[in-house]
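Remarks on the structure that follows.
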Amino acid sequence: MPQDFANWLPSEHLLTTDELISVIEAAVSQGINEVRLTGGEPLLRPDIVEIVARINSIPDAPKLSMTTNGLALAELAKPLVEAGLLRINISLDTLDRERFKKLTFRDRIDDVFAGIEAAQVAGLAPIKINSVLMRGINDDESTALLEWALKEGLNLRFIEQMPLDAGGSWSRREMVTADEIFADLSIQFSLTPVDERGSSPAEEFYIDGGPSVVGIIASVTRPFCASCDRVRLTSDGQIRACLFSMVETDTRLILRDIDLSAEQKRARLVAAFQSTIKAKLPGHGINDPSFIQPTRPMSAIGG
């Protein structure tokens, strides 16, 4: 996010915890079997442990995971696990303190490392590290990041930078591609494909014969839209069939309609999920000349 970002949503535009649970219950009733809490930064939400506990108490509770920057994880990992969190992804693009400060505007890389250690102690597994390589910034760290992840027993995944940055500075020409990442890693490691990718966004590769693996998410150069089974809910209650969707379905409007009964609201939420998923397009269109970058950045959609 840009250093001067100030376009925060007023709290009344955000779903309350009760509203959030109502939407998730409707989704689970329609076959959604995993919920991932992302952001923005989910650990900034003061009731995040309560949210995890309440999702975990839903009948036929979904598997529960989270993506976080890890800054608050040292104190929250244990209570989150006790509340029902199973897995966690931690975003970390560099191992260098000065680069971390430049990228995040915070001198807090030690807090991320402490959060990773706390997650390990709390029993979260697997712990995945999400890294985005950027040309001329950290693209020389691919090998170092993988060596560090192997040493710490972490699952590393490299993600191609997508056109969802708040500053609108994304450039296809400057993007570090999956092929480049694979080539760089192959200088030091022998990488062989893991079979049975399923609907996972990451292509995984055994490292030097396994069992350790590294993942590469090639959302731009090798899109996996045909197998995508994900749908997104924004913090202000919009259902999106794709990260790059230009269409949203408003659940907040349903939930706050005083003329609807609880049963009617639930029925409309169910219908909203069904219509959104049925309308999923065959691809995100990044590689089409007519592609238009969504107005919402990743931090406002849920990464």
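A note on labels: chains of the structure tokens are A, B, ... as shown, every chain counts residues from 1, and ligands are counted from 1 in their shown order.
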As a ChimeraX atom specification, please: every residue in region 223-278 of chain A that DSSP puts in helix (DSSP H, G or I). /A:225-227,251-255,262-278
Would you kindly return, as a ChimeraX atom specification, each protein, DNA or RNA residue with an atom no farther than 12 Å from any atom of Ile116 (chain A), considering only C-alpha atoms and excluding same-chain residues fewer than 4 positions away? /A:68-78,88-92,109-112,120-129,149,152-155
Tell me, as a PyMOL selection string, which residues lie within 10 Å of Gln274 (chain A), counting only C-alpha atoms; anything in the same chain fewer than 5 positions away does not count. chain A and resi 27+30+268-269+279
Go ahead and dump the residues you just picked, C-alpha atoms, as a short mmCIF file (atom, residue, chain, number, x, y, z; two decimals), in the first residue's frame.
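What ended up in selection_14.cif:
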```cif
data_model
loop_
_atom_site.label_atom_id
_atom_site.label_comp_id
_atom_site.auth_asym_id
_atom_site.auth_seq_id
_atom_site.Cartn_x
_atom_site.Cartn_y
_atom_site.Cartn_z
CA ALA A 27 -21.94 -19.96 2.17
CA GLN A 30 -24.13 -24.17 -0.10
CA ARG A 268 -31.39 -14.12 -0.38
CA LEU A 269 -27.85 -14.68 0.86
CA ALA A 279 -21.60 -16.30 -13.15
#
```
Can you list, as a list of chain:residue names, every protein, DNA or RNA residue that comes within 6 Å of region 195-206 of chain A when you count only C-alpha atoms, leaving out same-chain residues fewer than 3 positions away?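 Returned residues: A:Leu191, A:Thr192, A:Gly209, A:Gly210, A:Ser212, A:Val213, A:Val214, A:Gly215, A:Ile216, A:Ile217, A:Ser227, A:Cys228.
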To test your reading of the structure, identify every residue in region 28-269 of chain A that backbone DSSP assigns to strand (DSSP E), and report it as a VMD selection string. chain A and resid 34 to 37 63 to 68 87 to 91 127 to 131 155 to 159 191 to 193 203 to 207 213 to 217 232 to 233 238 to 240 249 to 250
Mind writing the picked residues with C-alpha atoms as an mmCIF file, in the first residue's frame?
```cif
data_model
loop_
_atom_site.group_PDB
_atom_site.id
_atom_site.type_symbol
_atom_site.label_atom_id
_atom_site.label_comp_id
_atom_site.auth_asym_id
_atom_site.auth_seq_id
_atom_site.Cartn_x
_atom_site.Cartn_y
_atom_site.Cartn_z
ATOM 1 C CA GLU A 34 -12.996 -23.709 3.683
ATOM 2 C CA VAL A 35 -12.832 -20.117 4.872
ATOM 3 C CA ARG A 36 -9.670 -18.038 4.672
ATOM 4 C CA LEU A 37 -9.490 -14.750 6.565
ATOM 5 C CA LYS A 63 -11.674 -25.557 7.594
ATOM 6 C CA LEU A 64 -10.270 -22.263 8.774
ATOM 7 C CA SER A 65 -7.075 -20.576 7.595
ATOM 8 C CA MET A 66 -5.639 -17.067 7.489
ATOM 9 C CA THR A 67 -3.265 -14.880 5.507
ATOM 10 C CA THR A 68 -1.445 -12.243 7.579
ATOM 11 C CA ARG A 87 -3.389 -23.099 8.918
ATOM 12 C CA ILE A 88 -1.698 -19.813 8.217
ATOM 13 C CA ASN A 89 0.026 -17.991 5.351
ATOM 14 C CA ILE A 90 2.461 -15.222 6.234
ATOM 15 C CA SER A 91 3.468 -12.572 3.714
ATOM 16 C CA ILE A 127 2.957 -22.532 7.715
ATOM 17 C CA LYS A 128 3.239 -21.043 4.238
ATOM 18 C CA ILE A 129 5.308 -18.001 3.374
ATOM 19 C CA ASN A 130 3.994 -15.873 0.494
ATOM 20 C CA SER A 131 6.677 -13.895 -1.352
ATOM 21 C CA ASN A 155 6.525 -23.903 2.893
ATOM 22 C CA LEU A 156 7.576 -21.096 0.549
ATOM 23 C CA ARG A 157 5.372 -19.894 -2.310
ATOM 24 C CA PHE A 158 6.395 -17.282 -4.827
ATOM 25 C CA ILE A 159 3.535 -15.254 -6.332
ATOM 26 C CA LEU A 191 12.931 -28.973 -9.053
ATOM 27 C CA THR A 192 10.489 -31.670 -10.195
ATOM 28 C CA PRO A 193 6.708 -31.107 -10.528
ATOM 29 C CA GLU A 203 2.249 -25.207 -8.929
ATOM 30 C CA GLU A 204 4.406 -27.164 -6.490
ATOM 31 C CA PHE A 205 7.833 -28.641 -7.105
ATOM 32 C CA TYR A 206 9.810 -31.175 -5.076
ATOM 33 C CA ILE A 207 13.152 -29.736 -4.009
ATOM 34 C CA VAL A 213 8.371 -28.475 -1.875
ATOM 35 C CA VAL A 214 8.268 -24.924 -3.201
ATOM 36 C CA GLY A 215 5.238 -23.370 -4.845
ATOM 37 C CA ILE A 216 4.937 -20.843 -7.671
ATOM 38 C CA ILE A 217 1.637 -19.052 -8.279
ATOM 39 C CA ARG A 232 -14.394 -13.730 -2.152
ATOM 40 C CA LEU A 233 -16.250 -11.673 0.429
ATOM 41 C CA GLN A 238 -19.496 -7.650 -1.419
ATOM 42 C CA ILE A 239 -19.258 -11.127 -2.957
ATOM 43 C CA ARG A 240 -16.800 -11.348 -5.847
ATOM 44 C CA THR A 249 -23.084 -8.757 -5.138
ATOM 45 C CA ASP A 250 -24.038 -6.745 -2.057
#
```
Pick from A:Glu25, A:Ala178, A:Gly31, A:Thr38, whichever lies nearest to Thr234 (chain A) using only C-alpha atoms: A:Thr38
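Between CA of Phe182 (chain A) and CA of Leu146 (chain A) the separation is 11.7 Å.
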With only C-alpha atoms as the counted atoms, please give the residues lying no more than 7 Å from region 41-56 of chain A, apart from itself and same-chain residues fewer than 5 positions off, as a list in words. Thr17, Ile21, Ala61, Thr68, Asn69, Ala72, Pro79, Leu80, Ala83, Gly84 and Leu85 of chain A
Selected residue, from A:Gly136, A:Pro62, A:Gly237, A:Pro211, that lies nearest to Leu15 (chain A) when counting only C-alpha atoms: A:Gly237
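Nearest residue to Ser235 (chain A) among A:Ala272, A:Leu95, A:Leu14, A:Val176 is A:Leu14, counting only C-alpha atoms.
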Using only C-alpha atoms, pick whichever of A:Asp96, A:Asp60, A:Asp257, A:Glu82 has the shortest atom-to-atom distance to Ala144 (chain A).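 Distance minimum relative to Ala144 (chain A) lands on A:Asp96.
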Distance CA of Thr143 (chain A)-CA of Thr94 (chain A), one decimal place?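 We find that CA of Thr143 (chain A) and CA of Thr94 (chain A) lie 11.2 Å from each other.
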Hey, can you check how far CA of Arg230 (chain A) sits from CA of Cys242 (chain A)?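 The value is 7.5 Å.
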